[in-house]
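Worksheet for the structure shown next.
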Amino acid sequence: MMTNRELWQNALVQIELGTSQASFRTWFKNTDVSNRDQGTVQVAVPSKIVKEWLLEKHHKLILKALRSLDPSIRTVEYVVHRTQPRDERRPRVRENQENASLDLQALYIDKRDNLNPRYTFETFVVGPFNELAHAAAKAIIERPGLVYNPLFIYGQTGHGKTHLIQAIGNYFKKSHANKKVLYVTSERFAIDYINAVRGGHANTFKDQYRQYDVLIMDDVQFIANTEKTQEELFHLFNALRDNNKQIIFSSDKHPMLLPGFEDRLKGRFSAGMIAEIPEPDVESRLAIIRAKLESHGFSIPDDITLYIAENVRGNIRELEGVLNMIVCKSQLKGKTISLADVRALIKHNVKPNKGVSIDEVVRRIAQYYEVPEKSIYEKTRKKEVVKPRQIIMYVLREEFSVSYPSIGEKLGGRDHTTVIHSCEKIKEEIKGNNSLEQELDHIRALIHA
Amino acid sequence: MKIETTKENLLRPVLIAERVTGKKESLPVLSCVVLEADDGLLVRATNLEAGIEIGIACDVAQKGTVAVPASILSQTLRSISADKIKLTSEDGNLLIESKGTKTLIKSVPHEEFPRLTASSDGNGIKIARERILRAIQAVSYAASPSMIRPDLGSIFLSAKNDTLISVATDSFRLAEKTLTGTGSKIQGELLVPLKHALELAHILEHVDDEMVDLRIDDSQLIARVGAARFISRVVDAQFPNYKEIIPKSATTEAIVLKSDLAEMLRKARVFSGNDMHVGLHVYPKKKVCTATARSNDVGEMSDSIDAALSGEDIDINFHIGYLADCLSSIESDSVVLSFSGAGKPLVIRGVADKSFMYLVMPLNR
């Protein structure tokens, strides 16, 4: 089936033959098929004047042209789309000279709470990968400060942490006008604190932060190894939480794995609810691509969206970049874009699945259990070495699907039956042993870091 | 078609309509004005984005329609010295006769001319011509001349509870004019492209009737005043939530005479250089309100004016044009400058004029 754009382009070719050159250019410039539904085609036109004219003078011709391409079309409707015709988008030189003036940025970001109104729940795409985090956020909205306090969201860059936590803030701002919300990055918090101490008004700093009903702190990992700032955060945390004020954190790692943080702070991070936003699965990526394209008012064939979803791995920000590139390119060329074009465009964004060498895995796990790396390869059967060795085998098998014989060979020429036994043993043990499961989680995080 | 009218009666509508014709259109009829004689004479023109229809009372001997290029018709009418003129269509061409002069203008087939439909259903706002004219002119200079961002290249009109607010911003400054007592309970918002808003203002300046009827119909704005009807496309965009950025309180306030401020800016302009910088220095404790300007090529100046001051000391730079632009829109002899600190916007209002508010961002350096 033809896309809307193809359908209209082909119809225009026929219409052009049936009208004069001048009237074709005048009346069919900036028109498009905006919607198509069960035999009804909606033609988008730039103004009401054009709408009336097409309806009165060219309706038969248009209907005939469309039906010759798709016999199932029964009726044609005209709608006025109120966006600007493209040829008027020429930038003017004058604007550049004016840039010396400060922009009214505040039009877009509210300075009092730093929230960007762009981030809302309506634009947040929920998939299996971020379900948990989304549900937790929704629960907080229902009963702020009471259910999960603090909410700690972690995940790698570009997976939507900032979007989600800002959406919470924006929701409170909209629905509870009396609640004071603040969104702050940990870096900003640190700078504010340092300035306050230097300026000799540390107390006003304390009071200022304690007045908020909802405090959202993004990217806490950036205040690692800052002893005094962390202490300040610790006291702020206690003060807010004692008063049932909602606190929300985000970071790139699980709180327990955050380096450079004091234990008492880590403990507090973990006290409420911890939700991970892992890498989106293919279906979610597909949904995200569709949502983004829709916001651009742009559509591309399904096979291309699928190709992008399957091949552009990594974070959503990259995905967005790729889509912008595609939209821009096709606007530039003024035609729909083909799969080959897309392939060429995104060849740099397609990442091969990251390979981790077996040696690397061995080294990391040996380090984790604090045994010498060499001992893993040796014949020794000391208890403290046997367990890490078995875990290495298990991880290599489960995470990286290395074959049993080659695992055995790599780890000091062991028989493949030994490897099978080890993997089975660990699998069994996980079932009854919670702490082992946790250890494995940490190890996975270490290897994939 | 055969009609008789006076030059004055015809020339003014033709000049107004000429401005609304399409300039580089491929369809010849779009650069024409269409004269339609029925009960009276109807002068029409459109560029597909906006359209105009003006009725003229005249003596119709024979009904008919003719379309002629706008510029040729207007030039011809302008050069006629006699008062009475006779228009006749002959073999599709337009014959204009006046005392001693005969002109024949080649016409264009008028069948291609689009219909300007506009329903008159629903509720509109009826408002005095002067007032709506002020509402456009008081803010139009603050809109962006380009349509790259449609919301910034348009004038925002918002009707609510007996008031009509017009706002424009190019993101460096913002002007807001409030009309109260419109006598209409209509609620609604729309964005009119700057170009068309200025066209409407031009029309309002050149008609005599005192009441304007504004309404919206199917993504177009319709303005009726007397026998004239103007139709404009409206923009589909979200106007920024500008109320949020207006500072709630001021750290420094200066009340000055508008004429003093204008004079001071005029002096400073000479030395403001290519960057158009002017520095304002307001020190309430020392009772000083000074403007300074300096240009490497020209020289420098400083000028102080009398002012009633309060609040903290402040030094702040502005684009001089942005400051001076708003003064003619303030209907009050003295103005209040409310500063909110360095890097924060300055709000300018008239002391007695509550209907107008202007906000300007300082310069970066």
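Just so we're on the same page: first chain in the structure tokens is A, next is B, and so on; residues restart at 1 for each chain, and ligands are numbered from 1 in the order they show up.
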- Query: Do you know which residues are at most 9 Å from region 396-411 of chain A counting only C-alpha atoms, after dropping those on the same chain fewer than 3 positions away, and could you put them as number ranges by chain?
  - Reply: A: 355-356, 358-359, 361-362, 376-378, 389, 391-393, 414-420, 423, 444
- Query: Which residues come within 8 Å of Arg210 (chain A), counting only C-alpha atoms, excluding same-chain residues fewer than 5 positions away, as a count of residues only?
  - Reply: 3
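By only C-alpha atoms, and with residues fewer than 4 positions from Lys248 (chain B) along its chain excluded, the set lying at most 12 Å from it is Arg112 of chain A; Lys243, Glu244, Ser338, Phe339, Ser340, Lys344, Pro345, Leu346 and Val347 of chain B.
Here is the contact set of chain B against chain A, at 7 Å and counting only C-alpha atoms: Ser26, Leu27, Leu48, Glu49, Pro114, Arg115, Leu116, Ser146, Met147, Ile148, Ser171, Phe172, Arg233, Val234, Val235, Asp236, Pro240, Asn241, Tyr242, Ile245, Met361, Pro362, Leu363 and Asn364 of chain B.
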Just write the chosen residues, C-alpha atoms, as a PDB file, in the first residue's frame.
ATOM      1  CA  SER B  26       1.596  32.426 -10.809  1.00  0.00           C
ATOM      2  CA  LEU B  27      -2.143  32.939 -11.169  1.00  0.00           C
ATOM      3  CA  LEU B  48      -4.761  33.404  -0.597  1.00  0.00           C
ATOM      4  CA  GLU B  49      -3.540  34.047   2.946  1.00  0.00           C
ATOM      5  CA  PRO B 114     -11.338  32.631  -5.459  1.00  0.00           C
ATOM      6  CA  ARG B 115     -14.411  33.059  -3.350  1.00  0.00           C
ATOM      7  CA  LEU B 116     -13.928  34.716  -0.017  1.00  0.00           C
ATOM      8  CA  SER B 146      10.282  36.397  10.531  1.00  0.00           C
ATOM      9  CA  MET B 147       7.894  33.468  10.585  1.00  0.00           C
ATOM     10  CA  ILE B 148      10.552  30.891  11.496  1.00  0.00           C
ATOM     11  CA  SER B 171      11.786  36.634  22.776  1.00  0.00           C
ATOM     12  CA  PHE B 172      13.961  39.696  23.466  1.00  0.00           C
ATOM     13  CA  ARG B 233      -5.333  33.125   8.080  1.00  0.00           C
ATOM     14  CA  VAL B 234      -4.520  32.411  11.719  1.00  0.00           C
ATOM     15  CA  VAL B 235      -1.474  30.514  12.890  1.00  0.00           C
ATOM     16  CA  ASP B 236      -1.735  27.169  14.608  1.00  0.00           C
ATOM     17  CA  PRO B 240       4.489  31.010  25.147  1.00  0.00           C
ATOM     18  CA  ASN B 241       3.075  31.187  28.632  1.00  0.00           C
ATOM     19  CA  TYR B 242       4.338  34.716  29.042  1.00  0.00           C
ATOM     20  CA  ILE B 245       8.149  35.513  33.127  1.00  0.00           C
ATOM     21  CA  MET B 361      15.674  41.701  28.487  1.00  0.00           C
ATOM     22  CA  PRO B 362      19.036  43.266  29.330  1.00  0.00           C
ATOM     23  CA  LEU B 363      22.112  42.708  27.207  1.00  0.00           C
ATOM     24  CA  ASN B 364      24.407  39.843  27.839  1.00  0.00           C
TER      25      ASN B 364
END
Can you pull out the residues contacting Thr103 (chain B)? Cut-off 12 Å, using only C-alpha atoms, and skip same-chain residues under 2 positions away; I want them as a short mmCIF file (atom, residue, chain, number, x, y, z; two decimals) with N, CA and C atoms, in the first residue's frame.
data_model
loop_
_atom_site.label_atom_id
_atom_site.label_comp_id
_atom_site.auth_asym_id
_atom_site.auth_seq_id
_atom_site.Cartn_x
_atom_site.Cartn_y
_atom_site.Cartn_z
N ILE B 72 -2.03 48.83 -12.04
CA ILE B 72 -2.41 49.67 -13.19
C ILE B 72 -3.67 50.47 -12.88
N LEU B 73 -4.62 49.81 -12.25
CA LEU B 73 -5.87 50.51 -11.90
C LEU B 73 -5.60 51.65 -10.92
N GLN B 75 -2.81 53.29 -10.35
CA GLN B 75 -2.06 54.40 -10.96
C GLN B 75 -2.96 55.23 -11.86
N THR B 76 -3.82 54.56 -12.59
CA THR B 76 -4.73 55.28 -13.48
C THR B 76 -5.65 56.19 -12.69
N LEU B 77 -6.25 55.62 -11.64
CA LEU B 77 -7.20 56.41 -10.85
C LEU B 77 -6.51 57.59 -10.19
N SER B 79 -4.07 59.31 -11.27
CA SER B 79 -3.69 60.38 -12.20
C SER B 79 -4.91 61.12 -12.76
N ILE B 80 -6.10 60.62 -12.46
CA ILE B 80 -7.30 61.31 -12.95
C ILE B 80 -7.53 62.58 -12.12
N ILE B 85 -16.19 59.82 -12.39
CA ILE B 85 -15.65 58.86 -13.36
C ILE B 85 -16.71 57.82 -13.70
N LYS B 86 -16.56 57.27 -14.90
CA LYS B 86 -17.49 56.28 -15.41
C LYS B 86 -16.70 55.03 -15.73
N LEU B 87 -17.14 53.86 -15.22
CA LEU B 87 -16.45 52.62 -15.53
C LEU B 87 -17.38 51.73 -16.36
N THR B 88 -16.84 51.24 -17.46
CA THR B 88 -17.63 50.37 -18.33
C THR B 88 -16.78 49.17 -18.73
N SER B 89 -17.37 47.99 -18.73
CA SER B 89 -16.59 46.86 -19.27
C SER B 89 -16.98 46.67 -20.73
N GLU B 90 -15.94 46.59 -21.56
CA GLU B 90 -16.14 46.50 -23.01
C GLU B 90 -15.36 45.31 -23.53
N ASN B 93 -12.72 44.14 -21.42
CA ASN B 93 -11.75 45.12 -20.93
C ASN B 93 -12.47 46.22 -20.15
N LEU B 94 -11.70 46.95 -19.36
CA LEU B 94 -12.31 47.97 -18.52
C LEU B 94 -12.03 49.36 -19.09
N LEU B 95 -13.10 50.07 -19.36
CA LEU B 95 -12.97 51.43 -19.92
C LEU B 95 -13.27 52.42 -18.81
N ILE B 96 -12.30 53.33 -18.56
CA ILE B 96 -12.50 54.34 -17.53
C ILE B 96 -12.59 55.70 -18.21
N GLU B 97 -13.71 56.38 -17.97
CA GLU B 97 -13.89 57.69 -18.62
C GLU B 97 -14.06 58.76 -17.56
N SER B 98 -13.35 59.85 -17.73
CA SER B 98 -13.59 61.01 -16.90
C SER B 98 -13.52 62.22 -17.81
N LYS B 99 -13.65 63.38 -17.24
CA LYS B 99 -13.70 64.59 -18.07
C LYS B 99 -12.43 64.70 -18.92
N GLY B 100 -12.57 64.45 -20.21
CA GLY B 100 -11.45 64.64 -21.11
C GLY B 100 -10.50 63.45 -21.21
N THR B 101 -10.59 62.45 -20.31
CA THR B 101 -9.64 61.33 -20.34
C THR B 101 -10.38 60.02 -20.60
N ILE B 105 -8.21 49.49 -19.88
CA ILE B 105 -7.29 48.56 -19.21
C ILE B 105 -7.66 47.13 -19.58
N LYS B 106 -6.65 46.37 -20.01
CA LYS B 106 -6.88 44.97 -20.38
C LYS B 106 -7.24 44.19 -19.12
#
- Item | Neighbour list for Glu320 (chain A) as a count of residues only, cut-off 8 Å, only C-alpha atoms, skip fewer than 4 positions in-chain | 4
- Message: Please return, as a ChimeraX atom specification, all residues of region 218-331 of chain A that DSSP assigns to strand (DSSP E) on the basis of the backbone.
- Response: /A:218,246-251,273-276
- Task: Pick out the closest residue to Arg131 (chain B) from this set: B:Leu204, B:Met357, B:Val34, B:Leu221. Count only C-alpha atoms.
- Result: B:Leu204
- Residues within 12 Å of Leu327 (chain B), only C-alpha atoms, excluding chain neighbours under 5 positions, as a PyMOL selection string: chain B and resi 138-139+141+175+256-263+265-266+320-322+332-337+348-350+356-358
Those residues with C-alpha atoms, as a PDB file, in the first residue's frame please?
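File written: result-v4.pdb
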ATOM      1  CA  ALA B 138       0.877  49.079  20.757  1.00  0.00           C
ATOM      2  CA  VAL B 139       2.408  45.614  20.419  1.00  0.00           C
ATOM      3  CA  TYR B 141       6.735  46.286  16.815  1.00  0.00           C
ATOM      4  CA  ALA B 175       4.507  44.062  24.780  1.00  0.00           C
ATOM      5  CA  VAL B 256      10.501  59.403  35.146  1.00  0.00           C
ATOM      6  CA  LEU B 257       8.807  61.693  32.671  1.00  0.00           C
ATOM      7  CA  LYS B 258       8.263  59.910  29.385  1.00  0.00           C
ATOM      8  CA  SER B 259       9.521  62.899  27.399  1.00  0.00           C
ATOM      9  CA  ASP B 260      12.702  63.057  29.539  1.00  0.00           C
ATOM     10  CA  LEU B 261      13.375  59.381  28.972  1.00  0.00           C
ATOM     11  CA  ALA B 262      12.756  59.668  25.238  1.00  0.00           C
ATOM     12  CA  GLU B 263      15.068  62.676  25.043  1.00  0.00           C
ATOM     13  CA  LEU B 265      17.588  57.845  24.731  1.00  0.00           C
ATOM     14  CA  ARG B 266      17.687  60.084  21.680  1.00  0.00           C
ATOM     15  CA  ILE B 320      18.533  51.109  22.898  1.00  0.00           C
ATOM     16  CA  GLY B 321      15.989  50.407  20.193  1.00  0.00           C
ATOM     17  CA  TYR B 322      14.160  47.957  22.414  1.00  0.00           C
ATOM     18  CA  SER B 332       0.778  58.506  30.180  1.00  0.00           C
ATOM     19  CA  ASP B 333       3.169  61.388  30.849  1.00  0.00           C
ATOM     20  CA  SER B 334       5.316  59.543  33.342  1.00  0.00           C
ATOM     21  CA  VAL B 335       6.540  55.969  33.221  1.00  0.00           C
ATOM     22  CA  VAL B 336       7.694  53.474  35.844  1.00  0.00           C
ATOM     23  CA  LEU B 337      10.838  51.464  35.174  1.00  0.00           C
ATOM     24  CA  ILE B 348       8.074  49.489  31.767  1.00  0.00           C
ATOM     25  CA  ARG B 349       4.577  50.779  32.475  1.00  0.00           C
ATOM     26  CA  GLY B 350       2.801  54.093  32.330  1.00  0.00           C
ATOM     27  CA  PHE B 356       0.009  48.594  28.742  1.00  0.00           C
ATOM     28  CA  MET B 357       2.987  46.575  29.919  1.00  0.00           C
ATOM     29  CA  TYR B 358       6.372  46.230  28.244  1.00  0.00           C
TER      30      TYR B 358
END
- Would you mind listing what lies within 10 Å of Gly22 (chain B) as a PyMOL selection string, with only C-alpha atoms counted and same-chain residues fewer than 4 positions away left out? chain B and resi 18+26-32+45-51+70
- Mind listing the alpha helix (DSSP H) residues of region 36-261 of chain A, per DSSP on the backbone, as a VMD selection string? chain A and resid 48 to 53 59 to 69 94 to 97 131 to 142 161 to 175 186 to 198 202 to 210 227 to 242
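Here CA of Glu439 (chain A) and CA of Ile247 (chain A) stand 28.1 Å from one another.
You can rank A:Ala287, A:Val76, A:Leu215, A:Val45 by their closest distance to Phe129 (chain A) using only C-alpha atoms, and at the top of that list sits A:Ala287.
Distance annotation: of A:Gln14, A:Ser435, A:Gln9, A:Ser72, the residue with the minimal separation from Lys29 (chain A) is A:Gln9; atom set is only C-alpha atoms.
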- Task: Would you please work out which residue, of B:Gly92, B:Pro150, B:Pro13, B:Pro193, is nearest to Ile52 (chain B) when using only C-alpha atoms?
- Result: B:Pro13
- Item | Two-atom distance - CA of Leu133 (chain B), CA of Leu41 (chain B) (Å) | 26.3 Å
- Query: Please, what distance in Å, to one decimal, runs between CA of Ala293 (chain B) and CA of Ile255 (chain B)?
  - Reply: 21.0 Å
